[in-house]
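Q: For reference, the file coords-v3.pdb (PDB, C-alpha atoms) is included below:
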MODEL        1
ATOM      1  CA  MET U   1      17.102  12.488 -16.059
ATOM      2  CA  THR U   2      13.718  13.136 -14.458
ATOM      3  CA  VAL U   3      13.201  15.001 -11.197
ATOM      4  CA  PHE U   4      12.107  11.722  -9.623
ATOM      5  CA  GLU U   5      15.351  10.032 -10.587
ATOM      6  CA  ALA U   6      17.414  12.966  -9.342
ATOM      7  CA  SER U   7      16.066  13.122  -5.783
ATOM      8  CA  ARG U   8      18.033  11.574  -2.918
ATOM      9  CA  THR U   9      14.888   9.966  -1.602
ATOM     10  CA  SER U  10      14.303   8.192  -4.908
ATOM     11  CA  ALA U  11      17.856   6.844  -4.976
ATOM     12  CA  GLU U  12      17.443   5.510  -1.441
ATOM     13  CA  ILE U  13      14.155   3.862  -2.357
ATOM     14  CA  ALA U  14      15.797   2.179  -5.342
ATOM     15  CA  SER U  15      18.646   0.813  -3.211
ATOM     16  CA  GLN U  16      16.403  -1.295  -0.969
ATOM     17  CA  PRO U  17      16.903  -4.704  -2.606
ATOM     18  CA  ASP U  18      20.623  -4.338  -1.948
ATOM     19  CA  THR U  19      20.265  -3.134   1.648
ATOM     20  CA  TRP U  20      17.733  -5.888   2.383
ATOM     21  CA  THR U  21      20.135  -8.522   1.079
ATOM     22  CA  ARG U  22      22.959  -7.158   3.186
ATOM     23  CA  ALA U  23      20.804  -7.021   6.303
ATOM     24  CA  ALA U  24      19.603 -10.592   5.856
ATOM     25  CA  GLY U  25      23.201 -11.718   5.630
ATOM     26  CA  SER U  26      24.178  -9.960   8.861
ATOM     27  CA  VAL U  27      21.808 -11.722  11.285
ATOM     28  CA  SER U  28      24.566 -13.774  12.877
ATOM     29  CA  ALA U  29      26.538 -10.604  13.703
ATOM     30  CA  TYR U  30      23.989  -9.460  16.306
ATOM     31  CA  PRO U  31      23.107 -12.449  18.537
ATOM     32  CA  ASP U  32      22.499 -10.289  21.616
ATOM     33  CA  VAL U  33      20.111  -7.888  19.907
ATOM     34  CA  PHE U  34      17.390 -10.324  18.931
ATOM     35  CA  PRO U  35      14.791 -11.602  21.380
ATOM     36  CA  ARG U  36      15.040 -15.238  22.414
ATOM     37  CA  ARG U  37      12.279 -17.689  21.669
ATOM     38  CA  GLY U  38       9.680 -17.631  24.412
ATOM     39  CA  GLU U  39      10.597 -14.229  25.795
ATOM     40  CA  ARG U  40       7.893 -11.655  26.411
ATOM     41  CA  VAL U  41       9.087  -8.713  24.331
ATOM     42  CA  ALA U  42       8.219  -5.064  23.782
ATOM     43  CA  VAL U  43       9.374  -3.340  20.597
ATOM     44  CA  VAL U  44       9.420   0.458  20.578
ATOM     45  CA  GLY U  45      10.066   3.296  18.179
ATOM     46  CA  CYS U  46       8.762   6.673  17.046
ATOM     47  CA  GLY U  47       6.963   7.458  13.810
ATOM     48  CA  THR U  48       8.073   5.124  11.043
ATOM     49  CA  SER U  49      10.106   3.031  13.482
ATOM     50  CA  TRP U  50       6.997   2.457  15.582
ATOM     51  CA  PHE U  51       5.151   1.146  12.523
ATOM     52  CA  MET U  52       8.014  -1.242  11.758
ATOM     53  CA  ALA U  53       7.889  -2.332  15.404
ATOM     54  CA  HIS U  54       4.194  -3.098  14.961
ATOM     55  CA  ALA U  55       4.843  -5.208  11.879
ATOM     56  CA  TYR U  56       7.625  -7.143  13.614
ATOM     57  CA  ALA U  57       5.562  -7.719  16.746
ATOM     58  CA  GLU U  58       2.828  -9.310  14.648
ATOM     59  CA  LEU U  59       5.325 -11.451  12.737
ATOM     60  CA  ARG U  60       7.106 -12.632  15.887
ATOM     61  CA  GLU U  61       4.013 -13.515  17.865
ATOM     62  CA  GLY U  62       2.235 -14.898  14.807
ATOM     63  CA  GLY U  63       5.167 -17.233  14.224
ATOM     64  CA  GLY U  64       4.923 -18.665  17.731
ATOM     65  CA  HIS U  65       8.118 -17.028  18.924
ATOM     66  CA  GLY U  66       6.597 -15.369  21.989
ATOM     67  CA  GLU U  67       4.250 -12.664  23.196
ATOM     68  CA  THR U  68       5.254  -9.391  21.557
ATOM     69  CA  ASP U  69       3.861  -5.879  21.951
ATOM     70  CA  ALA U  70       4.693  -2.722  20.022
ATOM     71  CA  PHE U  71       4.617   0.770  21.514
ATOM     72  CA  ALA U  72       5.343   4.302  20.538
ATOM     73  CA  ALA U  73       8.309   4.922  22.834
ATOM     74  CA  SER U  74       6.448   7.676  24.675
ATOM     75  CA  GLU U  75       3.581   5.267  25.459
ATOM     76  CA  PHE U  76       5.600   2.323  26.803
ATOM     77  CA  ARG U  77       4.071   0.648  29.851
ATOM     78  CA  THR U  78       6.816   0.059  32.357
ATOM     79  CA  GLY U  79       4.848  -2.209  34.677
ATOM     80  CA  ARG U  80       4.236  -5.067  32.277
ATOM     81  CA  GLY U  81       7.227  -7.225  33.155
ATOM     82  CA  TYR U  82       8.842  -7.748  29.764
ATOM     83  CA  ASP U  83      11.813 -10.067  29.357
ATOM     84  CA  ARG U  84      13.392  -7.815  26.733
ATOM     85  CA  VAL U  85      12.858  -4.419  25.120
ATOM     86  CA  LEU U  86      13.962  -3.748  21.550
ATOM     87  CA  ALA U  87      14.157  -0.201  20.183
ATOM     88  CA  ILE U  88      14.305   0.901  16.547
ATOM     89  CA  THR U  89      15.824   4.355  16.005
ATOM     90  CA  ARG U  90      17.440   5.469  12.763
ATOM     91  CA  SER U  91      19.183   8.503  14.238
ATOM     92  CA  GLY U  92      20.072   7.029  17.619
ATOM     93  CA  THR U  93      19.186  10.393  19.153
ATOM     94  CA  THR U  94      15.385  10.356  19.467
ATOM     95  CA  THR U  95      14.512  11.716  22.885
ATOM     96  CA  GLU U  96      11.637   9.388  23.741
ATOM     97  CA  VAL U  97      13.644   6.267  22.875
ATOM     98  CA  LEU U  98      16.702   7.350  24.860
ATOM     99  CA  HIS U  99      14.552   8.379  27.817
ATOM    100  CA  LEU U 100      12.869   4.967  27.856
ATOM    101  CA  LEU U 101      16.118   3.011  27.577
ATOM    102  CA  ALA U 102      17.677   5.043  30.377
ATOM    103  CA  GLY U 103      14.678   4.435  32.599
ATOM    104  CA  ILE U 104      14.784   0.645  32.291
ATOM    105  CA  LYS U 105      18.554   0.158  32.066
ATOM    106  CA  GLY U 106      19.711  -2.619  34.378
ATOM    107  CA  SER U 107      16.203  -3.915  35.023
ATOM    108  CA  VAL U 108      15.548  -5.623  31.685
ATOM    109  CA  PRO U 109      17.832  -6.568  28.744
ATOM    110  CA  THR U 110      17.616  -4.046  25.921
ATOM    111  CA  GLY U 111      18.589  -4.036  22.284
ATOM    112  CA  ALA U 112      18.452  -1.442  19.545
ATOM    113  CA  ILE U 113      18.696  -1.137  15.782
ATOM    114  CA  THR U 114      20.181   2.110  14.484
ATOM    115  CA  ALA U 115      21.874   3.588  11.445
ATOM    116  CA  ASP U 116      24.477   5.715  13.210
ATOM    117  CA  PRO U 117      27.137   4.186  15.498
ATOM    118  CA  ALA U 118      28.252   7.605  16.782
ATOM    119  CA  THR U 119      25.078   8.361  18.735
ATOM    120  CA  PRO U 120      23.846   7.979  22.343
ATOM    121  CA  VAL U 121      21.839   4.817  21.680
ATOM    122  CA  MET U 122      25.110   2.879  21.526
ATOM    123  CA  ASP U 123      25.487   3.360  25.284
ATOM    124  CA  ALA U 124      21.792   3.461  26.123
ATOM    125  CA  ALA U 125      21.061  -0.088  24.934
ATOM    126  CA  ASP U 126      22.800  -3.270  26.042
ATOM    127  CA  ALA U 127      23.328  -4.474  22.467
ATOM    128  CA  VAL U 128      23.010  -2.607  19.177
ATOM    129  CA  ALA U 129      22.733  -3.632  15.534
ATOM    130  CA  VAL U 130      24.213  -0.913  13.321
ATOM    131  CA  LEU U 131      22.778  -0.750   9.803
ATOM    132  CA  ASP U 132      24.935   2.142   8.664
ATOM    133  CA  PHE U 133      24.778   0.884   5.081
ATOM    134  CA  ALA U 134      21.028   1.643   5.176
ATOM    135  CA  ASP U 135      21.374   5.149   6.606
ATOM    136  CA  GLU U 136      19.777   7.972   4.661
ATOM    137  CA  ASP U 137      20.425  11.572   3.726
ATOM    138  CA  SER U 138      16.683  12.111   3.459
ATOM    139  CA  VAL U 139      14.539  13.265   6.342
ATOM    140  CA  VAL U 140      11.731  10.949   5.242
ATOM    141  CA  GLN U 141      12.619   7.360   6.120
ATOM    142  CA  THR U 142      12.439   4.660   3.474
ATOM    143  CA  ARG U 143      15.274   2.146   3.287
ATOM    144  CA  PHE U 144      16.374   2.188   6.937
ATOM    145  CA  ALA U 145      12.883   1.307   8.103
ATOM    146  CA  THR U 146      12.348  -1.544   5.669
ATOM    147  CA  THR U 147      15.903  -2.826   6.120
ATOM    148  CA  SER U 148      15.401  -2.980   9.891
ATOM    149  CA  LEU U 149      12.245  -5.017   9.384
ATOM    150  CA  VAL U 150      14.061  -7.313   6.960
ATOM    151  CA  LEU U 151      16.799  -7.878   9.550
ATOM    152  CA  LEU U 152      14.189  -8.883  12.126
ATOM    153  CA  ARG U 153      12.259 -10.938   9.611
ATOM    154  CA  ALA U 154      15.430 -12.756   8.569
ATOM    155  CA  HIS U 155      16.115 -13.633  12.205
ATOM    156  CA  LEU U 156      12.636 -15.130  12.556
ATOM    157  CA  GLU U 157      13.214 -17.024   9.329
ATOM    158  CA  ALA U 158      16.492 -18.412  10.658
ATOM    159  CA  GLU U 159      14.634 -19.505  13.803
ATOM    160  CA  ARG U 160      11.908 -21.113  11.674
ATOM    161  CA  ALA U 161       9.383 -18.806  13.282
ATOM    162  CA  LEU U 162       7.717 -16.950  10.412
ATOM    163  CA  PRO U 163       3.924 -17.124  10.303
ATOM    164  CA  ALA U 164       2.367 -19.301   7.622
ATOM    165  CA  GLY U 165       2.122 -17.546   4.283
ATOM    166  CA  VAL U 166       4.933 -15.042   4.919
ATOM    167  CA  ARG U 167       7.527 -15.312   2.184
ATOM    168  CA  ARG U 168      11.228 -15.825   2.651
ATOM    169  CA  VAL U 169      13.408 -12.720   2.602
ATOM    170  CA  GLU U 170      15.111 -13.724  -0.624
ATOM    171  CA  THR U 171      11.686 -13.781  -2.285
ATOM    172  CA  ALA U 172      10.860 -10.361  -0.845
ATOM    173  CA  VAL U 173      14.109  -9.033  -2.324
ATOM    174  CA  ARG U 174      13.220 -10.367  -5.760
ATOM    175  CA  ASP U 175       9.746  -8.894  -5.416
ATOM    176  CA  ALA U 176      11.224  -5.509  -4.482
ATOM    177  CA  ARG U 177      13.248  -5.476  -7.683
ATOM    178  CA  ARG U 178      10.040  -6.217  -9.583
ATOM    179  CA  ALA U 179       8.164  -3.501  -7.697
ATOM    180  CA  LEU U 180      10.753  -0.873  -8.522
ATOM    181  CA  ALA U 181      10.323  -1.617 -12.231
ATOM    182  CA  LEU U 182       6.536  -1.327 -12.257
ATOM    183  CA  PRO U 183       4.884   1.858 -13.535
ATOM    184  CA  LEU U 184       2.757   3.729 -11.027
ATOM    185  CA  ASP U 185      -0.969   3.193 -11.437
ATOM    186  CA  PRO U 186      -2.465   6.499 -12.654
ATOM    187  CA  ARG U 187      -5.596   5.774 -10.605
ATOM    188  CA  LEU U 188      -3.369   5.979  -7.524
ATOM    189  CA  SER U 189      -1.046   8.769  -8.639
ATOM    190  CA  GLY U 190      -4.058  10.877  -9.558
ATOM    191  CA  ALA U 191      -6.180  10.021  -6.526
ATOM    192  CA  GLU U 192      -7.481  12.839  -4.362
ATOM    193  CA  GLN U 193      -7.349  10.648  -1.255
ATOM    194  CA  ILE U 194      -5.997   7.168  -0.399
ATOM    195  CA  THR U 195      -6.940   4.899   2.484
ATOM    196  CA  PHE U 196      -4.330   2.221   3.245
ATOM    197  CA  LEU U 197      -5.398  -1.070   4.813
ATOM    198  CA  GLY U 198      -3.628  -4.115   6.213
ATOM    199  CA  THR U 199      -4.178  -7.244   8.273
ATOM    200  CA  GLY U 200      -1.849  -8.530  10.990
ATOM    201  CA  TRP U 201       1.720  -7.508  10.220
ATOM    202  CA  THR U 202       0.707  -5.652   7.085
ATOM    203  CA  TYR U 203      -1.333  -3.162   9.109
ATOM    204  CA  GLY U 204       2.019  -1.682  10.179
ATOM    205  CA  LEU U 205       2.892  -1.328   6.495
ATOM    206  CA  ALA U 206      -0.430   0.407   5.840
ATOM    207  CA  LEU U 207       0.278   2.892   8.627
ATOM    208  CA  GLU U 208       3.719   3.536   7.168
ATOM    209  CA  ALA U 209       2.423   3.998   3.619
ATOM    210  CA  GLY U 210      -0.036   6.600   4.837
ATOM    211  CA  LEU U 211       2.669   8.404   6.781
ATOM    212  CA  LYS U 212       4.998   8.489   3.761
ATOM    213  CA  MET U 213       2.365  10.198   1.653
ATOM    214  CA  ARG U 214       1.657  12.769   4.366
ATOM    215  CA  GLU U 215       5.328  13.456   5.103
ATOM    216  CA  ALA U 216       6.584  13.755   1.540
ATOM    217  CA  ALA U 217       3.564  15.270  -0.166
ATOM    218  CA  GLY U 218       1.172  16.596   2.457
ATOM    219  CA  ALA U 219      -1.384  14.183   0.996
ATOM    220  CA  TRP U 220      -4.697  13.200   2.557
ATOM    221  CA  THR U 221      -4.231   9.598   3.596
ATOM    222  CA  GLU U 222      -5.618   7.364   6.310
ATOM    223  CA  ALA U 223      -4.805   3.831   7.482
ATOM    224  CA  TYR U 224      -6.833   1.146   9.237
ATOM    225  CA  PRO U 225      -6.976  -2.593   9.875
ATOM    226  CA  ALA U 226      -8.726  -4.032   6.834
ATOM    227  CA  MET U 227     -11.791  -5.309   8.692
ATOM    228  CA  GLU U 228     -12.298  -1.894  10.312
ATOM    229  CA  TYR U 229     -12.678  -0.160   6.966
ATOM    230  CA  ARG U 230     -16.392  -0.869   6.761
ATOM    231  CA  HIS U 231     -16.928   0.490  10.283
ATOM    232  CA  GLY U 232     -16.837   4.128   9.221
ATOM    233  CA  PRO U 233     -13.814   4.855   6.973
ATOM    234  CA  ILE U 234     -15.654   3.689   3.846
ATOM    235  CA  SER U 235     -17.781   6.824   4.237
ATOM    236  CA  ILE U 236     -15.093   8.953   2.595
ATOM    237  CA  THR U 237     -14.581   6.613  -0.348
ATOM    238  CA  GLY U 238     -15.912   7.665  -3.739
ATOM    239  CA  PRO U 239     -14.926   8.688  -7.257
ATOM    240  CA  GLY U 240     -11.351   9.957  -7.495
ATOM    241  CA  ARG U 241     -10.375   8.243  -4.247
ATOM    242  CA  ALA U 242      -8.607   4.948  -3.673
ATOM    243  CA  THR U 243      -8.288   2.159  -1.129
ATOM    244  CA  TRP U 244      -4.944   0.335  -1.139
ATOM    245  CA  LEU U 245      -4.665  -3.020   0.616
ATOM    246  CA  PHE U 246      -1.450  -4.667   1.819
ATOM    247  CA  GLY U 247      -1.845  -8.423   2.084
ATOM    248  CA  PRO U 248      -4.955 -10.601   1.643
ATOM    249  CA  ALA U 249      -8.324  -8.962   1.103
ATOM    250  CA  PRO U 250     -11.309  -9.699   3.341
ATOM    251  CA  ARG U 251     -14.107 -11.235   1.331
ATOM    252  CA  GLY U 252     -16.206  -8.689  -0.516
ATOM    253  CA  LEU U 253     -14.083  -5.677   0.406
ATOM    254  CA  GLY U 254     -13.020  -4.830  -3.117
ATOM    255  CA  ASP U 255     -16.594  -5.039  -4.360
ATOM    256  CA  GLU U 256     -17.747  -2.595  -1.680
ATOM    257  CA  VAL U 257     -15.051  -0.067  -2.606
ATOM    258  CA  GLU U 258     -15.975  -0.271  -6.266
ATOM    259  CA  ARG U 259     -19.712  -0.068  -5.458
ATOM    260  CA  VAL U 260     -19.283   3.395  -3.913
ATOM    261  CA  GLY U 261     -17.121   4.586  -6.816
ATOM    262  CA  GLY U 262     -13.646   4.205  -5.343
ATOM    263  CA  HIS U 263     -10.644   2.418  -6.844
ATOM    264  CA  PHE U 264      -9.604  -0.739  -5.008
ATOM    265  CA  ALA U 265      -5.880  -1.512  -5.218
ATOM    266  CA  ALA U 266      -4.894  -4.963  -4.017
ATOM    267  CA  ALA U 267      -1.264  -6.111  -3.958
ATOM    268  CA  SER U 268       0.765  -4.833  -6.898
ATOM    269  CA  THR U 269       1.258  -7.487  -9.560
ATOM    270  CA  ASP U 270       3.126  -8.180 -12.762
ATOM    271  CA  GLU U 271       3.358 -11.246 -14.975
ATOM    272  CA  ALA U 272       4.992 -13.156 -12.098
ATOM    273  CA  GLY U 273       2.081 -12.524  -9.723
ATOM    274  CA  ALA U 274       1.417 -10.563  -6.554
ATOM    275  CA  LEU U 275       4.292  -8.923  -4.690
ATOM    276  CA  ASP U 276       5.379  -9.471  -1.125
ATOM    277  CA  PRO U 277       3.648  -6.768   0.979
ATOM    278  CA  LEU U 278       6.977  -5.233   2.017
ATOM    279  CA  ALA U 279       7.975  -4.976  -1.637
ATOM    280  CA  ASP U 280       4.597  -3.368  -2.289
ATOM    281  CA  LEU U 281       5.512  -0.727   0.300
ATOM    282  CA  THR U 282       8.319   0.424  -1.991
ATOM    283  CA  THR U 283       5.639   1.283  -4.548
ATOM    284  CA  ALA U 284       3.893   3.455  -1.967
ATOM    285  CA  GLN U 285       7.224   5.152  -1.262
ATOM    286  CA  ARG U 286       7.642   5.891  -4.960
ATOM    287  CA  LEU U 287       4.089   7.188  -5.095
ATOM    288  CA  ALA U 288       4.857   9.557  -2.212
ATOM    289  CA  VAL U 289       7.789  11.050  -4.135
ATOM    290  CA  HIS U 290       5.691  11.344  -7.282
ATOM    291  CA  ALA U 291       2.898  13.059  -5.365
ATOM    292  CA  ALA U 292       5.384  15.452  -3.759
ATOM    293  CA  HIS U 293       6.689  16.603  -7.127
ATOM    294  CA  ALA U 294       3.170  16.863  -8.539
ATOM    295  CA  ARG U 295       2.259  19.223  -5.684
ATOM    296  CA  GLY U 296       5.440  21.265  -6.016
ATOM    297  CA  TYR U 297       7.081  19.873  -2.868
ATOM    298  CA  ASP U 298      10.657  18.718  -2.440
ATOM    299  CA  PRO U 299      10.573  15.168  -0.986
ATOM    300  CA  ASP U 300      14.150  15.591   0.221
ATOM    301  CA  ARG U 301      13.099  18.572   2.334
ATOM    302  CA  PRO U 302       9.635  17.833   3.735
ATOM    303  CA  ARG U 303       7.695  20.560   5.458
ATOM    304  CA  ASN U 304       7.835  20.881   9.241
ATOM    305  CA  LEU U 305      10.086  17.837   9.708
ATOM    306  CA  THR U 306      13.637  17.168  10.878
ATOM    307  CA  ARG U 307      15.712  14.003  10.678
ATOM    308  CA  SER U 308      15.433  13.361  14.426
ATOM    309  CA  VAL U 309      13.152  14.676  17.134
ATOM    310  CA  VAL U 310      15.335  15.860  20.029
ATOM    311  CA  LEU U 311      13.296  17.491  22.766
ATOM    312  CA  GLY U 312      14.333  19.876  25.499
ATOM    313  CA  SER U 313      14.819  18.492  29.005
ATOM    314  CA  ALA U 314      11.414  19.709  30.157
ATOM    315  CA  ALA U 315       9.628  17.902  27.335
ATOM    316  CA  ALA U 316      11.619  14.701  27.824
TER
ENDMDL
END
Please express what this file holds, its structure, as C-alpha cells.

A:
Amino acid sequence: MTVFEASRTSAEIASQPDTWTRAAGSVSAYPDVFPRRGERVAVVGCGTSWFMAHAYAELREGGGHGETDAFAASEFRTGRGYDRVLAITRSGTTTEVLHLLAGIKGSVPTGAITADPATPVMDAADAVAVLDFADEDSVVQTRFATTSLVLLRAHLEAERALPAGVRRVETAVRDARRALALPLDPRLSGAEQITFLGTGWTYGLALEAGLKMREAAGAWTEAYPAMEYRHGPISITGPGRATWLFGPAPRGLGDEVERVGGHFAAASTDEAGALDPLADLTTAQRLAVHAAHARGYDPDRPRNLTRSVVLGSAAA
C-alpha cells in the first residue's frame, strides 16, 4: 500500500462518488433549508465553504432561480434585505458563521448545511441539513465541501433550475469515478507553480483547488476568473509552471499559455471525454495529497491549521 492510499485524506477523497449519491438522494429530507424560487438569497461560509457558496450562488442565479450572492461570513452585508441566508459550515462551530446567524436570527429565515449535529449551528439556524455521512477526520476539507455543493446542485436540478450546459448530478458522480481512476499528469505533479482558472460557477472550484494545494502542500498556487488571467497573472507563467482551467476555455487562452512556455491543462479527459468540473476538482484534491507527500508534508496534519476556527470573544 502506498503512502497516498494510506492517508485519511486520500480515503475521504475516494469516497466522494458515494457521498454525492447519498446527498442527491436526500434533497427531499430538507425542504426548509433550500431557498425558494424567486427569493433573494445570500450564501455564506469560511474558507472552502465560502468557495462552495460562490459556486452555488452562480449556479442558482444562472439557472434563473433568483438573485444570489456569496460572502465570506465575516464580510456579510446586513443591510441588503435578503429573503434568506444559507450558511455552509462543516464543523458547525465556526465563529464568524455563528456570529452572523445570531445577529440576523428572527429577522430573516436562515438555513445551514453541516456535518456535525452536536454543534451550535443546530440552534443558530432555523433549519439545518446534516451531512454526517460526509464528515471528515482530516483538517483539510474535501468530501464535505463537494457533497454540500452536490446537495444544492441536486435541489436546483429537482427544481429544473440548472444553467444550460451543467450536467446532471448522476453524470457528475460517474465522472468522479472516472476521475479517481485517472493517473495524475506529471506536468502538473511536477509543476513549480499552478494557476487555477474558472468561469461562472467553476471559478469557485478554481479558488478551492488553489486552496487545497496551499493547505495540504504549502504549494504556490493562484486562482482567477479565466478572462482575468491575461490581465496580469499570465506574467508568472513559463516553463515548469501550469495553468489549470475548470470548465470551458476562452478562445485562444491555451495558445497563450503554451506560447510563454507554460503547460495548459483543460478539463481532465479519458476515452469517454471531458469530466464534469466538480469531478475534475477531485483530481486537484489528489494532486494536493501527492504534492504534500513529495514535499515531506503530512496531508492529514497540515501546517498552521485546525479543523475549525473558533475565535475568542474579542475577535468575534

Q: I'd like the residues picked by the PyMOL selection byres ((chain U and resi 156-166) around 10) written out as a PyMOL selection string, using the chain letters and numbers from the file.

A: chain U and resi 24+27-28+34-37+56+58-66+150-155+167-169+171-172+201+247+276-277

Q: Given the selection you just returned, output its residues as a file containing C-alpha atoms, formatted as a tab-separated table (two decimals), in the frame of the given file.

A:
chain	number	residue	atom	x	y	z
U	24	ALA	CA	19.60	-10.59	5.86
U	27	VAL	CA	21.81	-11.72	11.28
U	28	SER	CA	24.57	-13.77	12.88
U	34	PHE	CA	17.39	-10.32	18.93
U	35	PRO	CA	14.79	-11.60	21.38
U	36	ARG	CA	15.04	-15.24	22.41
U	37	ARG	CA	12.28	-17.69	21.67
U	56	TYR	CA	7.62	-7.14	13.61
U	58	GLU	CA	2.83	-9.31	14.65
U	59	LEU	CA	5.32	-11.45	12.74
U	60	ARG	CA	7.11	-12.63	15.89
U	61	GLU	CA	4.01	-13.52	17.86
U	62	GLY	CA	2.24	-14.90	14.81
U	63	GLY	CA	5.17	-17.23	14.22
U	64	GLY	CA	4.92	-18.66	17.73
U	65	HIS	CA	8.12	-17.03	18.92
U	66	GLY	CA	6.60	-15.37	21.99
U	150	VAL	CA	14.06	-7.31	6.96
U	151	LEU	CA	16.80	-7.88	9.55
U	152	LEU	CA	14.19	-8.88	12.13
U	153	ARG	CA	12.26	-10.94	9.61
U	154	ALA	CA	15.43	-12.76	8.57
U	155	HIS	CA	16.11	-13.63	12.20
U	167	ARG	CA	7.53	-15.31	2.18
U	168	ARG	CA	11.23	-15.82	2.65
U	169	VAL	CA	13.41	-12.72	2.60
U	171	THR	CA	11.69	-13.78	-2.28
U	172	ALA	CA	10.86	-10.36	-0.84
U	201	TRP	CA	1.72	-7.51	10.22
U	247	GLY	CA	-1.84	-8.42	2.08
U	276	ASP	CA	5.38	-9.47	-1.12
U	277	PRO	CA	3.65	-6.77	0.98

Q: Calculated over all atoms listed in the file, which of the candidates U:Arg84, U:Arg90, U:Arg8, U:Arg174 has the smallest distance to U:Thr146?

A: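 Of U:Arg84, U:Arg90, U:Arg8, U:Arg174, the one nearest U:Thr146 is U:Arg90, counting all atoms listed in the file.
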
Q: So what does the PyMOL selection byres ((chain U and resi 114-120) around 7) actually pick up in this one, as a list in words?

A: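 So the PyMOL selection byres ((chain U and resi 114-120) around 7), applied here, picks out Ile88, Thr89, Arg90, Ser91, Gly92, Thr93, Ala112, Ile113, Val121, Met122, Asp123, Ala124, Ala129, Val130, Leu131, Asp132, Ala134 and Asp135 of chain U.
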
Q: Using the chain letters and numbers from the file, give me the residues hit by the PyMOL selection byres ((chain U and resi 78) around 12), as a PyMOL selection string.

A: chain U and resi 42+71+73-77+79-85+100-101+103-105+107-108

Q: With all atoms listed in the file as the atoms that count, which of U:Arg187, U:Arg286, U:Lys212, U:Arg241 lies nearest to U:Ala14?

A: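 Among the listed residues, U:Arg286 lies closest to U:Ala14.
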
Q: Of the candidates U:Leu211, U:Ala265, U:Ala191, U:Ala219, which one gets nearest to U:Gly238 if we count only C-alpha atoms?

A: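 Using only C-alpha atoms, the shortest distance to U:Gly238 belongs to U:Ala191.
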
Q: For U:Thr68, which residue out of U:Glu170, U:Glu208, U:Glu39, U:Glu256 is the nearest one, using all atoms listed in the file?

A: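 Nearest candidate to U:Thr68 out of U:Glu170, U:Glu208, U:Glu39, U:Glu256: U:Glu39.
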
Q: Can you work out which one of U:Leu188, U:Val139, U:Ala179, U:Ala279 has the shortest atom-to-atom distance to U:Thr9, counting only C-alpha atoms?

A: U:Val139

Q: Skip U:Cys46 itself and residues of its chain fewer than 2 positions away, then list as an NGL selection string all residues within 6 Å of it, counting all atoms listed in the file.

A: :U and (49-50 or 72)

Q: Looking at all atoms listed in the file, which of U:Val44, U:Ile194, U:Ala23, U:Ala181 is the one that sits closest to U:Thr94?

A: U:Val44

Q: Would you compute the distance between atom CA of U:Ala288 and atom CA of U:Arg22? Give it in Å to one decimal.

A: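 Atom CA of U:Ala288 sits 25.2 Å away from atom CA of U:Arg22.
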
Q: Could you pull stretch 222-226 of chain U out of the structure I just pasted and write it to a file containing all heavy atoms, as an mmCIF file, in the first residue's frame?

A:
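Listed below is the output, result_17.cif:
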data_model
loop_
_atom_site.group_PDB
_atom_site.id
_atom_site.type_symbol
_atom_site.label_atom_id
_atom_site.label_comp_id
_atom_site.auth_asym_id
_atom_site.auth_seq_id
_atom_site.Cartn_x
_atom_site.Cartn_y
_atom_site.Cartn_z
ATOM 1 N N GLU U 222 -2.338 30.069 -7.413
ATOM 2 C CA GLU U 222 -3.185 31.248 -7.501
ATOM 3 C C GLU U 222 -4.461 30.854 -8.225
ATOM 4 O O GLU U 222 -4.516 29.799 -8.872
ATOM 5 C CB GLU U 222 -2.453 32.380 -8.240
ATOM 6 C CG GLU U 222 -1.165 32.797 -7.543
ATOM 7 C CD GLU U 222 -0.469 33.981 -8.206
ATOM 8 O OE1 GLU U 222 -1.097 34.635 -9.073
ATOM 9 O OE2 GLU U 222 0.688 34.236 -7.859
ATOM 10 N N ALA U 223 -5.498 31.698 -8.138
ATOM 11 C CA ALA U 223 -6.759 31.396 -8.813
ATOM 12 C C ALA U 223 -7.414 32.695 -9.260
ATOM 13 O O ALA U 223 -7.420 33.681 -8.507
ATOM 14 C CB ALA U 223 -7.695 30.618 -7.888
ATOM 15 N N TYR U 224 -7.984 32.664 -10.467
ATOM 16 C CA TYR U 224 -8.604 33.841 -11.054
ATOM 17 C C TYR U 224 -9.772 33.439 -11.947
ATOM 18 O O TYR U 224 -9.821 32.308 -12.443
ATOM 19 C CB TYR U 224 -7.592 34.605 -11.928
ATOM 20 C CG TYR U 224 -6.355 35.036 -11.206
ATOM 21 C CD1 TYR U 224 -5.205 34.240 -11.216
ATOM 22 C CD2 TYR U 224 -6.314 36.234 -10.497
ATOM 23 C CE1 TYR U 224 -4.060 34.627 -10.545
ATOM 24 C CE2 TYR U 224 -5.161 36.628 -9.820
ATOM 25 C CZ TYR U 224 -4.040 35.823 -9.853
ATOM 26 O OH TYR U 224 -2.916 36.205 -9.188
ATOM 27 N N PRO U 225 -10.693 34.379 -12.218
ATOM 28 C CA PRO U 225 -11.631 34.162 -13.322
ATOM 29 C C PRO U 225 -10.831 34.018 -14.621
ATOM 30 O O PRO U 225 -9.819 34.706 -14.820
ATOM 31 C CB PRO U 225 -12.491 35.431 -13.333
ATOM 32 C CG PRO U 225 -12.346 36.007 -11.962
ATOM 33 C CD PRO U 225 -10.948 35.662 -11.526
ATOM 34 N N ALA U 226 -11.282 33.140 -15.490
ATOM 35 C CA ALA U 226 -10.484 32.806 -16.672
ATOM 36 C C ALA U 226 -10.143 34.017 -17.527
ATOM 37 O O ALA U 226 -9.009 34.155 -18.014
ATOM 38 C CB ALA U 226 -11.213 31.761 -17.509
#
